[in-house]
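Asker: Handing you a structure now.
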Amino acid sequence: MGNAMSAVTDGNIVSYYNPALAAFQEGNSFQTSYSFLSLDRSLNFLNFTKKFNFGTITDANGTRPRSIAGVSVGIINSGVSGIQERDNQGNLISEISTSENQFFLGLSNRFSSKLAIGISFKFYYYSLYEEVSTTAFGFDIGAIYSFNENLSLSVMLSDINSKYKWDTSDLYGSEGLSTTDRFPILKKVGLSYRFEEPRIIAAVELENSNAQTNYLRCGAEYNIFEGFYLRGGIDKFDLNNFDFPVRPSLGFSYFYTLNSLVIGVDYAFVSEPYSSSDQHIIGIILNF
């Protein structure tokens with residue numbers, strides 16, 4: 001759906017898109033995915049989301065949960081392998097790789113039927129070279145306001161306090177340097193609307209950063225029949241530079257119920273304008 005997911009409260013929830021989403025998960029959801037990428041790159045994902053109900057309250061509107069909370073925990077791994085290491089004469093020494101990892105924990109609570117607020121803590125570990133690695137810690141804050149059962153608004157701040165501190169003195173001795181790379185703080189506003197017939201969810205999201213970027217995302221999901229969903233979207237429509245290529249995507253999900261277990265398979269195609277081939281993502285979902 002073009003990553004325009006910060007206000008989408010239906011389906012399988014990941015707090016990466018908005019920590020406030022975790023409280024909307026139905027039951028337990030386990031998700032994993034693998035991406036087929038060019039240029040010896042890798043991108044892998046693992047997530048578990050669970051919703052909790054704390055007590056009930058009964059009034060004129062009936063009986064409902066007193067408080068609804070959710071937790072989402074996951075890992076995102078990316079890297080590049082097959083990098084040729086050569087000496088000053090151009091002779092091949094070995095092949096090396098890089099690895100960047102994000103571990104996240106999202107907590108969310110629905111304070112009413114309309115408002116949910118969440119926070120996500122993120123820990124980064126980046127292994128760049130033999131003795132060059134770094135860690136970082138940051139967090140996201142998000143909120144979702146549901147005007148009704150169909151229309152939702154999201155606001156979010158992402159990568160607060162996140163920064164990499166690099167030190168190459170162990171590798172280069174007195175010639176080593178110490179530098180700091182701060183992550184841009186992302187500010188997102190999103191809207192989603194769920195149509196009853198046909199069963200379509202449409203979403204749009206605007207992202208701004210202190211690095212002077214402005215991206216627009218949009219996407220839609222069509223529940224064609226029970227258990228089968230078709231999705232499409234456009235990511236990174238640059239409002240500052242209309243010549244910047246967008247990233248269109250198209251995919252589907254199919255779910256099969258086996259007793260109390262629901263097994264799902266995801267596929268997504270994502271266009272990569274600066275790559276020799278496009279991105280293909282395969283995922284598995286278990287709901288129980």
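Order determines the names: the first chain of the structure tokens is A, the second B, and so forth; residues in each chain are numbered 1 upward, and ligands are numbered 1 upward as they are shown.
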Can you pull out every residue within 8 Å of A:Arg110, counting only C-alpha atoms, but drop anything in the same chain fewer than 5 positions away, and send it as a ChimeraX atom specification?
Answerer: /A:23,67-69,115-117
Asker: Write out the residues from the selection above, keeping C-alpha atoms, as a compact mmCIF listing (two decimals), in the first residue's frame.
Answerer:
# COMPACT_ATOMS: atom_id res chain seq x y z
CA ALA A 23 -4.02 -1.76 20.38
CA SER A 67 -9.12 -0.60 28.56
CA ILE A 68 -7.50 -1.98 25.40
CA ALA A 69 -3.72 -2.12 25.09
CA LEU A 115 -8.30 7.93 20.80
CA ALA A 116 -5.25 5.66 20.92
CA ILE A 117 -1.70 6.74 21.82
Asker: Quick check for you: according to DSSP on this backbone, which residues of stretch 122-236 of chain A are classed as strand (DSSP E or B)? Reply as a ChimeraX atom specification.
Answerer: /A:122-129,132-146,151-160,163-167,178-182,186-194,200-209,214-225,228-236
Asker: Hey, can you spit out that residue selection with C-alpha atoms as a compact mmCIF listing (two decimals), in the first residue's frame?
Answerer:
# COMPACT_ATOMS: atom_id res chain seq x y z
CA LYS A 122 14.02 1.38 18.90
CA PHE A 123 17.55 0.02 19.30
CA TYR A 124 19.93 0.00 16.33
CA TYR A 125 23.08 -2.02 15.76
CA TYR A 126 25.18 -1.34 12.64
CA SER A 127 28.22 -3.46 11.77
CA LEU A 128 30.05 -1.65 8.98
CA TYR A 129 33.54 -3.17 8.95
CA VAL A 132 33.82 -0.29 12.97
CA SER A 133 30.34 -0.65 14.44
CA THR A 134 27.88 1.54 16.28
CA THR A 135 24.62 1.46 18.22
CA ALA A 136 21.79 3.93 18.60
CA PHE A 137 18.64 4.34 20.65
CA GLY A 138 15.57 6.32 19.66
CA PHE A 139 11.81 6.30 19.97
CA ASP A 140 8.60 7.09 18.10
CA ILE A 141 5.40 8.65 19.42
CA GLY A 142 2.09 8.27 17.62
CA ALA A 143 -1.64 8.79 18.01
CA ILE A 144 -4.76 7.72 16.15
CA TYR A 145 -8.14 9.44 16.32
CA SER A 146 -11.13 7.51 14.98
CA LEU A 151 -12.48 7.19 9.14
CA SER A 152 -9.20 7.45 11.10
CA LEU A 153 -6.57 10.19 11.46
CA SER A 154 -2.97 9.54 12.54
CA VAL A 155 -0.12 11.79 13.71
CA MET A 156 3.38 10.55 14.45
CA LEU A 157 6.93 11.64 15.30
CA SER A 158 9.62 9.13 14.32
CA ASP A 159 13.33 8.65 15.13
CA ILE A 160 13.45 11.05 18.07
CA LYS A 163 21.88 8.97 15.97
CA TYR A 164 24.92 6.92 15.04
CA LYS A 165 28.27 7.72 16.67
CA TRP A 166 31.23 6.41 14.68
CA ASP A 167 34.78 5.97 16.01
CA SER A 178 34.90 10.36 15.62
CA THR A 179 31.72 11.51 13.88
CA THR A 180 28.00 11.65 14.66
CA ASP A 181 25.21 11.04 12.13
CA ARG A 182 21.81 12.20 13.40
CA LEU A 186 10.08 12.37 10.64
CA LYS A 187 6.68 13.99 11.13
CA LYS A 188 3.75 12.07 9.63
CA VAL A 189 0.05 12.77 9.20
CA GLY A 190 -2.20 10.09 7.73
CA LEU A 191 -5.82 9.39 6.87
CA SER A 192 -7.56 6.09 6.15
CA TYR A 193 -11.13 5.32 5.14
CA ARG A 194 -12.85 1.94 5.06
CA ILE A 200 -11.93 -1.17 0.10
CA ILE A 201 -9.53 0.57 2.49
CA ALA A 202 -7.92 3.73 1.11
CA ALA A 203 -5.06 5.54 2.84
CA VAL A 204 -2.92 8.63 2.31
CA GLU A 205 0.05 9.90 4.30
CA LEU A 206 2.23 13.02 4.30
CA GLU A 207 5.77 12.83 5.70
CA ASN A 208 7.97 15.84 6.50
CA SER A 209 11.44 15.84 8.03
CA ASN A 214 8.31 16.19 1.92
CA TYR A 215 6.91 12.86 0.71
CA LEU A 216 3.36 11.86 -0.13
CA ARG A 217 2.23 8.22 0.04
CA CYS A 218 -1.05 6.61 -0.92
CA GLY A 219 -2.43 3.12 -1.20
CA ALA A 220 -5.53 0.95 -1.21
CA GLU A 221 -6.63 -2.57 -0.28
CA TYR A 222 -9.51 -4.42 -1.93
CA ASN A 223 -10.99 -7.45 -0.18
CA ILE A 224 -12.14 -9.24 -3.35
CA PHE A 225 -13.54 -12.27 -1.52
CA PHE A 228 -8.10 -12.73 -0.50
CA TYR A 229 -6.85 -9.14 -0.57
CA LEU A 230 -5.39 -7.13 -3.45
CA ARG A 231 -3.23 -4.07 -2.65
CA GLY A 232 -1.45 -1.28 -4.48
CA GLY A 233 0.19 2.01 -3.71
CA ILE A 234 2.72 4.72 -4.48
CA ASP A 235 5.58 5.57 -2.12
CA LYS A 236 7.82 8.66 -1.95
Asker: Based on the backbone DSSP call, show me all residues of stretch 23-231 of chain A assigned alpha helix (DSSP H), as JSON, numbers by chain.
Answerer: {"A": [169, 170, 171, 172]}
Asker: With only C-alpha atoms as the basis for distance, which of A:Ser113, A:Val14, A:Arg86, A:Ser99 is at the shortest distance from A:Glu149?
Answerer: A:Ser113
Asker: Fewer than 6 positions away in the same chain doesn't count, so skip those; otherwise give me all residues within 8 Å of A:Glu131, counting only C-alpha atoms, as a PyMOL selection string.
Answerer: chain A and resi 168+170-171
Asker: When distances are computed from only C-alpha atoms, which of A:Glu95, A:Glu197, A:Glu100, A:Asp243 shows the smallest separation from A:Ser78?
Answerer: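 Comparing A:Glu95, A:Glu197, A:Glu100, A:Asp243 against A:Ser78, the winner is A:Glu100.
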Asker: Between A:Phe45, A:Phe54, A:Phe147, A:Tyr254, which has the minimum distance to A:Ala7 (counting only C-alpha atoms)?
Answerer: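 Answer, going by the shortest atom-to-atom distance: A:Phe147.
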Asker: Of the candidates A:Ser249, A:Ser81, A:Asn12, A:Asn28, which shows the shortest atom-to-atom distance to A:Asp278, using only C-alpha atoms?
Answerer: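 Comparing A:Ser249, A:Ser81, A:Asn12, A:Asn28 against A:Asp278, the winner is A:Ser249.
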Asker: Find, counting only C-alpha atoms, the residue in A:Asn101, A:Asn47, A:Gly90, A:Gly27 that gets nearest to A:Gly70.
Answerer: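 So, comparing all the options, the nearest one is A:Gly27.
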Asker: Determine the nearest neighbour of A:Ile281 from the options A:Ile185, A:Leu239, A:Ser33, A:Glu196, counting only C-alpha atoms.
Answerer: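 Closest to A:Ile281, using only C-alpha atoms: A:Ser33.
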